[in-house]
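Novice: This is model13.csv (CSV, C-alpha atoms).
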chain,number,residue,atom,x,y,z
O,856,MET,CA,96.7,169.0,102.8
O,857,ILE,CA,93.3,170.5,102.5
O,858,SER,CA,93.7,171.4,98.9
O,859,ARG,CA,94.9,167.8,98.2
O,860,SER,CA,91.8,166.4,99.9
O,861,MET,CA,89.6,168.7,97.8
O,862,THR,CA,91.4,167.6,94.6
O,863,THR,CA,90.9,164.0,95.6
O,864,ILE,CA,87.2,164.6,96.1
O,865,THR,CA,86.6,166.5,92.9
O,866,ALA,CA,88.8,164.5,90.5
O,867,PRO,CA,90.3,161.4,92.0
O,868,ILE,CA,92.6,158.7,90.6
O,869,ARG,CA,90.1,156.0,89.9
O,870,ASN,CA,91.1,152.6,88.4
O,871,GLY,CA,94.6,154.0,88.0
O,872,ILE,CA,93.2,156.8,85.7
O,873,ASP,CA,93.8,160.4,86.7
O,874,THR,CA,90.4,161.7,85.8
O,875,ALA,CA,91.5,165.4,86.2
O,876,GLN,CA,94.0,164.7,83.4
O,877,VAL,CA,91.3,163.1,81.2
O,878,TYR,CA,88.9,166.0,81.6
O,879,GLY,CA,91.7,168.5,81.0
O,880,THR,CA,92.7,166.6,77.8
O,881,LEU,CA,89.0,166.6,76.5
O,882,ASP,CA,88.8,170.4,77.2
O,883,ALA,CA,92.0,171.0,75.3
O,884,LEU,CA,90.7,168.9,72.3
O,885,LYS,CA,87.5,170.9,72.3
O,886,ASP,CA,89.4,174.2,72.2
O,887,GLN,CA,92.0,173.1,69.6
O,888,PRO,CA,90.7,170.2,67.4
O,889,ASP,CA,94.1,170.0,65.5
O,890,LEU,CA,95.6,168.5,68.7
O,891,ALA,CA,93.4,165.4,68.0
O,892,ARG,CA,95.6,164.1,65.2
O,893,PHE,CA,97.7,161.0,66.2
O,894,GLU,CA,100.2,159.1,64.2
O,895,PHE,CA,101.5,155.8,65.6
O,896,ARG,CA,104.5,154.1,64.1
O,897,VAL,CA,106.4,150.9,64.0
O,898,SER,CA,109.6,150.0,62.2
O,899,ASN,CA,110.2,146.3,61.4
O,900,ARG,CA,113.1,144.3,60.2
O,901,TRP,CA,113.1,140.7,59.0
O,902,ILE,CA,115.5,138.3,60.8
O,903,ASP,CA,115.0,134.8,59.3
O,904,GLY,CA,112.1,132.6,58.2
O,905,PRO,CA,108.9,134.0,59.7
O,906,HIS,CA,110.8,135.8,62.5
O,907,SER,CA,111.0,139.6,62.4
O,908,ARG,CA,111.5,142.4,65.0
O,909,SER,CA,109.6,145.7,65.4
O,910,THR,CA,110.9,148.8,67.1
O,911,VAL,CA,108.4,151.2,68.7
O,912,GLN,CA,109.3,154.6,70.2
O,913,GLY,CA,108.0,157.9,69.0
O,914,PHE,CA,104.6,159.0,67.8
O,915,TRP,CA,102.8,162.2,66.9
O,916,GLY,CA,100.0,163.4,69.2
O,917,ALA,CA,98.6,166.5,70.8
O,918,GLY,CA,100.4,168.7,68.3
O,919,GLN,CA,103.9,167.4,68.8
O,920,GLU,CA,106.3,164.6,68.5
O,921,ASP,CA,106.1,162.5,71.7
O,922,SER,CA,109.5,162.0,73.4
O,923,SER,CA,108.4,160.3,76.6
O,924,ARG,CA,110.0,156.9,75.7
O,925,GLU,CA,113.7,157.2,76.4
O,926,THR,CA,114.5,153.8,75.0
O,927,PRO,CA,112.5,152.0,72.2
O,928,PHE,CA,110.3,149.0,72.8
O,929,GLU,CA,111.4,145.9,70.8
O,930,LEU,CA,108.9,143.4,69.8
O,931,ASP,CA,109.6,140.1,68.1
O,932,VAL,CA,107.1,138.1,66.1
O,933,SER,CA,107.4,134.6,64.5
O,934,GLU,CA,105.4,131.4,64.2
O,935,PRO,CA,105.3,128.0,65.8
O,936,PRO,CA,106.9,125.0,64.1
O,937,LEU,CA,103.5,124.0,62.6
O,938,LEU,CA,103.6,127.3,60.7
O,939,PHE,CA,107.3,127.1,59.7
O,940,GLY,CA,108.9,129.0,62.6
O,941,HIS,CA,110.6,128.2,65.9
O,942,ASN,CA,108.3,129.9,68.5
O,943,GLU,CA,110.7,132.8,68.8
O,944,ALA,CA,107.6,135.0,69.7
O,945,PRO,CA,103.8,134.9,69.4
O,946,ASN,CA,102.5,135.1,65.8
O,947,PRO,CA,100.9,138.0,64.1
O,948,ALA,CA,97.3,136.8,64.6
O,949,GLU,CA,98.0,136.5,68.4
O,950,PHE,CA,99.5,140.0,68.5
O,951,LEU,CA,96.3,141.2,66.8
O,952,LEU,CA,94.2,139.6,69.6
O,953,HIS,CA,96.5,141.1,72.2
O,954,ALA,CA,96.0,144.5,70.7
O,955,LEU,CA,92.2,144.0,70.8
O,956,ALA,CA,92.3,142.7,74.4
O,957,GLY,CA,94.5,145.7,75.6
O,958,CYS,CA,92.3,148.3,73.8
O,959,LEU,CA,88.9,147.0,75.0
O,960,THR,CA,90.3,146.6,78.5
O,961,LEU,CA,91.7,150.1,78.8
O,962,THR,CA,88.6,151.6,77.2
O,963,ILE,CA,86.4,149.7,79.8
O,964,VAL,CA,88.7,151.1,82.6
O,965,ASN,CA,88.5,154.7,81.2
O,966,VAL,CA,84.8,154.6,80.8
O,967,ALA,CA,84.3,153.2,84.3
O,968,ALA,CA,86.6,155.9,85.7
O,969,ALA,CA,84.5,158.6,84.0
O,970,ARG,CA,81.3,157.1,85.4
O,971,LYS,CA,82.7,156.9,88.9
O,972,VAL,CA,82.8,153.1,88.9
O,973,THR,CA,85.7,151.4,90.7
O,974,LEU,CA,86.7,148.2,89.1
O,975,THR,CA,88.3,145.3,90.9
O,976,GLU,CA,88.7,142.8,88.0
O,977,VAL,CA,88.8,143.0,84.2
O,978,SER,CA,89.9,139.7,82.6
O,979,SER,CA,89.2,138.3,79.2
O,980,THR,CA,89.8,135.5,76.8
O,981,LEU,CA,89.9,136.0,73.1
O,982,GLU,CA,89.6,133.5,70.2
O,983,GLY,CA,90.2,134.2,66.6
O,984,ILE,CA,89.0,131.5,64.2
O,985,MET,CA,90.2,131.0,60.6
O,986,ASP,CA,90.4,128.4,57.9
O,987,ALA,CA,93.9,128.2,56.4
O,988,ARG,CA,92.6,127.2,53.0
O,989,GLY,CA,92.1,131.0,52.5
O,990,ALA,CA,95.6,132.3,53.2
O,991,THR,CA,97.3,129.3,51.6
O,992,GLY,CA,95.4,130.0,48.4
O,993,LEU,CA,93.9,126.5,48.3
O,994,ASP,CA,90.3,127.6,48.3
O,995,ASP,CA,89.2,131.2,47.6
O,996,SER,CA,85.8,130.7,49.2
O,997,TYR,CA,87.6,131.2,52.5
O,998,ARG,CA,89.0,134.5,53.5
O,999,ASN,CA,92.6,134.9,54.5
O,1000,GLY,CA,91.9,136.3,58.0
O,1001,PHE,CA,89.7,135.6,60.9
O,1002,GLU,CA,86.1,134.6,60.2
O,1003,GLU,CA,85.2,135.7,63.6
O,1004,ILE,CA,86.8,137.0,66.9
O,1005,ARG,CA,85.1,136.0,70.2
O,1006,VAL,CA,85.8,138.0,73.3
O,1007,SER,CA,84.6,137.0,76.8
O,1008,PHE,CA,85.1,139.4,79.6
O,1009,SER,CA,84.8,138.9,83.3
O,1010,ILE,CA,84.3,142.2,85.1
O,1011,LYS,CA,83.8,143.0,88.8
O,1012,GLY,CA,83.3,146.5,90.4
O,1013,ASP,CA,81.2,148.6,92.7
O,1014,ALA,CA,78.2,149.0,90.3
O,1015,SER,CA,75.1,147.1,89.3
O,1016,PRO,CA,75.4,144.3,86.7
O,1017,GLU,CA,73.3,146.6,84.4
O,1018,LYS,CA,75.8,149.5,84.8
O,1019,LEU,CA,78.8,147.2,84.2
O,1020,GLN,CA,77.2,145.9,81.0
O,1021,GLU,CA,76.6,149.5,79.9
O,1022,ILE,CA,80.2,150.2,80.4
O,1023,VAL,CA,81.2,147.3,78.2
O,1024,GLU,CA,78.8,148.4,75.5
O,1025,ARG,CA,80.1,152.0,75.6
O,1026,ALA,CA,83.7,150.7,75.5
O,1027,LYS,CA,82.9,148.6,72.5
O,1028,ALA,CA,81.4,151.7,70.8
O,1029,ARG,CA,84.6,153.7,71.5
O,1030,SER,CA,87.4,151.3,71.2
O,1031,VAL,CA,90.1,152.2,68.6
O,1032,VAL,CA,91.1,148.6,67.8
O,1033,TYR,CA,87.6,147.2,67.9
O,1034,ASP,CA,86.7,149.7,65.2
O,1035,ILE,CA,89.7,148.9,63.1
O,1036,LEU,CA,88.9,145.2,63.1
O,1037,ALA,CA,85.1,145.4,62.8
O,1038,ASN,CA,85.2,148.0,60.0
O,1039,PRO,CA,87.4,148.3,56.9
O,1040,VAL,CA,90.6,150.4,57.0
O,1041,ARG,CA,92.5,151.7,54.0
O,1042,VAL,CA,95.9,150.0,54.0
O,1043,ASP,CA,98.4,151.5,51.6
O,1044,VAL,CA,101.3,149.1,50.9
O,1045,ARG,CA,104.3,150.3,48.9
O,1046,ALA,CA,107.7,148.7,48.3
O,1047,GLU,CA,111.1,150.0,47.2
O,1048,VAL,CA,112.8,147.0,45.7
O,1049,GLY,CA,116.1,145.8,44.3
I,414,MET,CA,124.7,112.1,52.5
I,415,ILE,CA,123.5,111.6,48.9
I,416,SER,CA,119.9,111.6,49.9
I,417,ARG,CA,120.4,114.7,52.0
I,418,SER,CA,122.0,116.5,49.0
I,419,MET,CA,119.1,115.5,46.8
I,420,THR,CA,116.6,116.8,49.3
I,421,THR,CA,118.6,120.1,49.5
I,422,ILE,CA,118.5,120.4,45.7
I,423,THR,CA,114.8,119.7,45.3
I,424,ALA,CA,113.4,121.4,48.4
I,425,PRO,CA,115.9,123.7,50.1
I,426,ILE,CA,115.7,125.8,53.1
I,427,ARG,CA,115.3,129.3,51.5
I,428,ASN,CA,114.9,132.5,53.5
I,429,GLY,CA,114.8,130.3,56.6
I,430,ILE,CA,111.7,128.5,55.3
I,431,ASP,CA,111.8,124.7,54.9
I,432,THR,CA,110.0,124.6,51.6
I,433,ALA,CA,109.6,120.8,51.8
I,434,GLN,CA,107.6,121.3,55.0
I,435,VAL,CA,105.5,124.0,53.3
I,436,TYR,CA,104.6,121.7,50.3
I,437,GLY,CA,104.0,118.8,52.7
I,438,THR,CA,101.6,121.0,54.7
I,439,LEU,CA,99.8,122.2,51.5
I,440,ASP,CA,99.4,118.5,50.3
I,441,ALA,CA,98.0,117.5,53.8
I,442,LEU,CA,95.5,120.4,53.6
I,443,LYS,CA,94.3,119.3,50.2
I,444,ASP,CA,93.8,115.8,51.4
I,445,GLN,CA,92.1,116.7,54.7
I,446,PRO,CA,90.5,120.1,54.6
I,447,ASP,CA,89.4,119.9,58.2
I,448,LEU,CA,93.0,120.3,59.2
I,449,ALA,CA,92.8,123.9,58.0
I,450,ARG,CA,90.8,125.2,61.0
I,451,PHE,CA,92.9,127.3,63.3
I,452,GLU,CA,91.9,128.9,66.5
I,453,PHE,CA,94.4,131.4,68.1
I,454,ARG,CA,93.9,132.6,71.7
I,455,VAL,CA,94.9,135.2,74.1
I,456,SER,CA,94.1,135.6,77.8
I,457,ASN,CA,94.3,139.1,79.3
I,458,ARG,CA,94.2,140.5,82.8
I,459,TRP,CA,93.9,144.2,83.8
I,460,ILE,CA,96.7,145.5,86.0
I,461,ASP,CA,96.1,149.2,86.6
I,462,GLY,CA,95.1,152.2,84.6
I,463,PRO,CA,95.5,151.4,80.9
I,464,HIS,CA,98.1,148.6,81.7
I,465,SER,CA,97.1,145.0,81.2
I,466,ARG,CA,98.9,141.7,80.4
I,467,SER,CA,98.2,139.0,77.9
I,468,THR,CA,99.2,135.4,78.1
I,469,VAL,CA,99.7,133.5,74.8
I,470,GLN,CA,100.4,129.7,74.7
I,471,GLY,CA,98.2,127.1,73.1
I,472,PHE,CA,96.2,127.2,69.9
I,473,TRP,CA,94.2,124.8,67.8
I,474,GLY,CA,95.6,123.9,64.4
I,475,ALA,CA,96.0,121.0,62.0
I,476,GLY,CA,93.5,118.9,63.8
I,477,GLN,CA,94.9,119.2,67.3
I,478,GLU,CA,95.8,121.4,70.2
I,479,ASP,CA,99.3,122.7,69.7
I,480,SER,CA,101.7,122.0,72.6
I,481,SER,CA,104.9,123.3,71.2
I,482,ARG,CA,105.2,126.2,73.6
I,483,GLU,CA,106.4,124.8,76.9
I,484,THR,CA,106.1,128.2,78.6
I,485,PRO,CA,103.6,130.9,77.8
I,486,PHE,CA,104.5,134.2,76.2
I,487,GLU,CA,103.6,137.2,78.3
I,488,LEU,CA,102.8,140.5,76.6
I,489,ASP,CA,102.1,143.8,78.4
I,490,VAL,CA,100.2,146.7,76.8
I,491,SER,CA,99.7,150.2,78.2
I,492,GLU,CA,99.8,153.9,77.1
I,493,PRO,CA,102.2,156.8,77.2
I,494,PRO,CA,101.5,159.6,79.8
I,495,LEU,CA,99.7,161.7,77.1
I,496,LEU,CA,97.1,158.9,77.0
I,497,PHE,CA,97.0,158.4,80.8
I,498,GLY,CA,99.5,155.6,81.2
I,499,HIS,CA,103.1,155.2,82.2
I,500,ASN,CA,104.8,153.7,79.1
I,501,GLU,CA,104.8,150.2,80.7
I,502,ALA,CA,104.6,148.8,77.1
I,503,PRO,CA,103.6,149.8,73.6
I,504,ASN,CA,99.9,150.8,73.2
I,505,PRO,CA,97.2,148.7,71.4
I,506,ALA,CA,97.4,150.7,68.2
I,507,GLU,CA,101.2,150.1,68.0
I,508,PHE,CA,100.7,146.3,68.7
I,509,LEU,CA,98.2,146.3,65.8
I,510,LEU,CA,100.8,147.8,63.5
I,511,HIS,CA,103.4,145.3,64.8
I,512,ALA,CA,100.9,142.5,63.9
I,513,LEU,CA,100.6,143.8,60.4
I,514,ALA,CA,104.3,144.3,59.9
I,515,GLY,CA,105.0,140.8,61.1
I,516,CYS,CA,102.3,139.2,58.9
I,517,LEU,CA,103.2,141.1,55.7
I,518,THR,CA,106.9,140.4,56.3
I,519,LEU,CA,106.5,136.6,56.9
I,520,THR,CA,104.1,136.3,54.0
I,521,ILE,CA,106.6,138.1,51.7
I,522,VAL,CA,109.3,135.7,52.9
I,523,ASN,CA,107.1,132.6,52.4
I,524,VAL,CA,106.0,133.7,48.9
I,525,ALA,CA,109.6,134.5,47.9
I,526,ALA,CA,110.7,131.0,49.1
I,527,ALA,CA,108.0,129.4,47.1
I,528,ARG,CA,109.1,131.3,44.0
I,529,LYS,CA,112.8,130.4,44.6
I,530,VAL,CA,113.8,134.0,45.4
I,531,THR,CA,116.4,134.5,48.1
I,532,LEU,CA,115.9,137.7,50.0
I,533,THR,CA,118.6,139.6,51.7
I,534,GLU,CA,116.5,142.4,53.3
I,535,VAL,CA,112.9,143.0,54.2
I,536,SER,CA,112.4,146.1,56.3
I,537,SER,CA,109.4,148.3,56.7
I,538,THR,CA,107.9,151.4,58.4
I,539,LEU,CA,104.2,151.6,59.3
I,540,GLU,CA,102.1,154.6,60.2
I,541,GLY,CA,98.6,154.5,61.5
I,542,ILE,CA,96.8,157.9,61.4
I,543,MET,CA,93.7,158.7,63.5
I,544,ASP,CA,91.8,161.7,64.9
I,545,ALA,CA,91.1,161.3,68.6
I,546,ARG,CA,87.9,163.3,68.3
I,547,GLY,CA,86.3,159.9,67.3
I,548,ALA,CA,87.4,157.6,70.1
I,549,THR,CA,86.8,160.4,72.7
I,550,GLY,CA,83.3,160.9,71.5
I,551,LEU,CA,83.9,164.6,70.9
I,552,ASP,CA,82.9,164.4,67.2
I,553,ASP,CA,81.1,161.4,65.6
I,554,SER,CA,82.1,162.5,62.1
I,555,TYR,CA,85.5,160.9,62.9
I,556,ARG,CA,85.9,157.1,63.3
I,557,ASN,CA,87.4,155.6,66.5
I,558,GLY,CA,90.2,153.8,64.7
I,559,PHE,CA,92.8,154.5,62.1
I,560,GLU,CA,91.7,156.5,59.0
I,561,GLU,CA,94.5,155.0,57.1
I,562,ILE,CA,97.6,152.7,57.6
I,563,ARG,CA,100.6,153.4,55.4
I,564,VAL,CA,103.2,150.6,55.0
I,565,SER,CA,106.6,151.2,53.2
I,566,PHE,CA,108.8,148.2,52.5
I,567,SER,CA,112.4,148.1,51.4
I,568,ILE,CA,113.2,144.7,49.9
I,569,LYS,CA,116.3,143.3,48.4
I,570,GLY,CA,116.9,139.9,46.9
I,571,ASP,CA,118.1,137.9,43.8
I,572,ALA,CA,115.2,138.7,41.5
I,573,SER,CA,114.3,141.5,39.2
I,574,PRO,CA,112.5,144.6,40.6
I,575,GLU,CA,109.3,143.4,38.8
I,576,LYS,CA,109.4,140.0,40.4
I,577,LEU,CA,110.0,141.5,43.9
I,578,GLN,CA,107.0,143.8,43.4
I,579,GLU,CA,104.9,140.8,42.3
I,580,ILE,CA,106.0,139.0,45.5
I,581,VAL,CA,104.8,142.0,47.6
I,582,GLU,CA,101.5,142.1,45.7
I,583,ARG,CA,101.0,138.4,46.2
I,584,ALA,CA,101.8,138.7,49.9
I,585,LYS,CA,99.3,141.5,50.3
I,586,ALA,CA,96.7,139.3,48.6
I,587,ARG,CA,97.4,136.5,51.0
I,588,SER,CA,98.2,138.1,54.3
I,589,VAL,CA,96.0,137.1,57.3
I,590,VAL,CA,96.4,140.4,59.2
I,591,TYR,CA,96.1,142.6,56.1
I,592,ASP,CA,92.7,141.0,55.3
I,593,ILE,CA,91.5,141.4,58.9
I,594,LEU,CA,92.3,145.2,58.8
I,595,ALA,CA,91.3,146.0,55.2
I,596,ASN,CA,88.0,144.1,55.5
I,597,PRO,CA,85.4,143.8,58.3
I,598,VAL,CA,85.5,141.0,60.8
I,599,ARG,CA,82.7,139.9,63.1
I,600,VAL,CA,83.8,140.6,66.7
I,601,ASP,CA,81.5,139.2,69.3
I,602,VAL,CA,82.0,140.8,72.7
I,603,ARG,CA,80.3,139.3,75.8
I,604,ALA,CA,80.8,140.1,79.5
I,605,GLU,CA,80.0,138.2,82.7
I,606,VAL,CA,79.7,141.0,85.3
I,607,GLY,CA,79.2,141.6,89.0
What would you get if you wrote out this structure as structure tokens?

Specialist:
Amino acid sequence: MISRSMTTITAPIRNGIDTAQVYGTLDALKDQPDLARFEFRVSNRWIDGPHSRSTVQGFWGAGQEDSSRETPFELDVSEPPLLFGHNEAPNPAEFLLHALAGCLTLTIVNVAAARKVTLTEVSSTLEGIMDARGATGLDDSYRNGFEEIRVSFSIKGDASPEKLQEIVERAKARSVVYDILANPVRVDVRAEVG
Amino acid sequence: MISRSMTTITAPIRNGIDTAQVYGTLDALKDQPDLARFEFRVSNRWIDGPHSRSTVQGFWGAGQEDSSRETPFELDVSEPPLLFGHNEAPNPAEFLLHALAGCLTLTIVNVAAARKVTLTEVSSTLEGIMDARGATGLDDSYRNGFEEIRVSFSIKGDASPEKLQEIVERAKARSVVYDILANPVRVDVRAEVG
């Protein structure tokens, strides 16, 4: 019981994050940088119209193939009737906003845990704005994708407003998905046909 | 019955896409370009650790608020144990790959329908590669996000290999999510704190 109390004092679970595990992982990455390579994967299969289904299970990380998911996740994606689907699932643009929301939120939670801030609320609304004249090919002066993404967080915790704002800024500077959207990524598309 | 047959001949449902609806939509956008503005939205709420949940329902498009979804979609996102979660759902990077898979696939299907090509298979595998020394802040010579995304399609349909490859190229040139990943997007992040 004493040792458990001591552990709790030196490296608690904060915001649901086991900070001892986080620091252990950072130390391991410093010692063995080749553990830092991650490869995430999705397999997708078309169903009908704009409706397709992805399977998510394994990934490469920390020097090995991860086998923690006994059963795969299945994710559908489609479009509403206005965009020629039947609302079988959210559409790709909405999944992209969901990815950004999830990534910024968990990065805020991790940063707060590292800075010994206990959060009681992190909620957000995201908007992605586009002009369909781009993707439809009607007017090339518009891009295909979002012109802008707007993210509004509401955050509560046991720290000053200044410290909470700093946590948001740090999370923005470290978020995987924020970086992928804000900056260009090389996307290599190949097809085996026939 | 005769008029239905005629409609079927001139503008069939191909690949699950109602091509008459597609051409009608394009004509409407040409006449009233302000219908082309779309605003997609996600609301997200943190649950615990890296686990959060998004709600997806309404969006703005074609000059009005869409109300076709009677009940909202709910999407969880988390991390595997290696990244301090409990596999409650796929992680943000995997949702991003799912968004890209769904978007490229439905764009291929739409382009093929417009070009009178009937597809029998569109399947894909996607890989996103990153070095966690970036996002962890251990080494700023690595970016936070994916260094590269690799997409491999397998496509079958009633057209020549050359035509199927052209369809893939055209889809890449018109995909909403491909553009968002390959090119920078302005992402405005604000927080109300305390």

Novice: What lies within 12 Å of Glu943 in chain O using only C-alpha atoms, ignoring chain neighbours under 6 positions off, as number ranges by chain?

Specialist: O: 902-908, 930-936; I: 481-482, 484-486

Novice: Suppose you want the space between CA of Ile542 in chain I and CA of Val1023 in chain O; what is it in Å?

Specialist: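 Between CA of Ile542 in chain I and CA of Val1023 in chain O the gap works out to 25.3 Å.
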
Novice: With all atoms listed in the file as the basis for distance, which of I:Val435, I:Ile430, I:Val589, I:Leu442 is at the shortest distance from Ala990 in chain O?

Specialist: I:Val589

Novice: Counting only C-alpha atoms, which residues sit no farther than 12 Å from the position (86.6, 161.5, 69.0) in the file's frame? I'd like them as a PyMOL selection string.

Specialist: (chain O and resi 880-881+884-885+888-893+1028-1031) or (chain I and resi 543-559)

Novice: Find the distance between CA of Val598 in chain I and CA of His941 in chain O and write it in Å to one decimal.

Specialist: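 Distance between the two atoms: 28.6 Å.
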
Novice: Contacts of Arg563 in chain I at 10 Å or less, counting all atoms listed in the file, minus same-chain residues fewer than 5 places along, as an NGL selection string?

Specialist: (:O and (896 or 1041-1045)) or (:I and (510 or 538-542))

Novice: Quick one: pull the distance between CA of Ile562 in chain I and CA of Val897 in chain O, Å, one decimal.

Specialist: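 Between CA of Ile562 in chain I and CA of Val897 in chain O the gap works out to 11.0 Å.
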
Novice: Of the candidates I:Gly437, I:Gly570, I:Gly471, I:Gly515, which one gets nearest to Tyr591 in chain I if we count only C-alpha atoms?

Specialist: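 Comparing I:Gly437, I:Gly570, I:Gly471, I:Gly515 against Tyr591 in chain I, the winner is I:Gly515.
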
Novice: Nearest to chain I among O:Ala875, O:Leu974, O:Leu961, O:Ile1022, with distances taken over only C-alpha atoms: which residue is it?

Specialist: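 That would be O:Leu961, the residue with the smallest distance to chain I.
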
Novice: Just give me the residues with any atom within 12 Å of (113.2, 149.4, 43.6), file coordinates, counting all atoms listed in the file, written as a list in words.

Specialist: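 Checked against the point, the hits come out as Arg1045, Ala1046, Glu1047, Val1048 and Gly1049 of chain O; Ser565, Phe566, Ser567, Ile568, Lys569, Gly570, Ala572, Ser573, Pro574, Glu575, Lys576, Leu577, Gln578 and Val581 of chain I.
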
Novice: Nearest to Ala512 in chain I: which of I:Val590, I:Asp479, I:Glu582, I:Pro597 is it, counting all atoms listed in the file?

Specialist: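 Among the listed residues, the smallest separation from Ala512 in chain I belongs to I:Val590.
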
Novice: My list of candidates is O:Leu937, O:Ala1026, O:Glu925, O:Val1006. Which is closest to chain I when distances are computed with all atoms listed in the file?

Specialist: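 Going through O:Leu937, O:Ala1026, O:Glu925, O:Val1006 one by one, the smallest distance to chain I is for O:Val1006.
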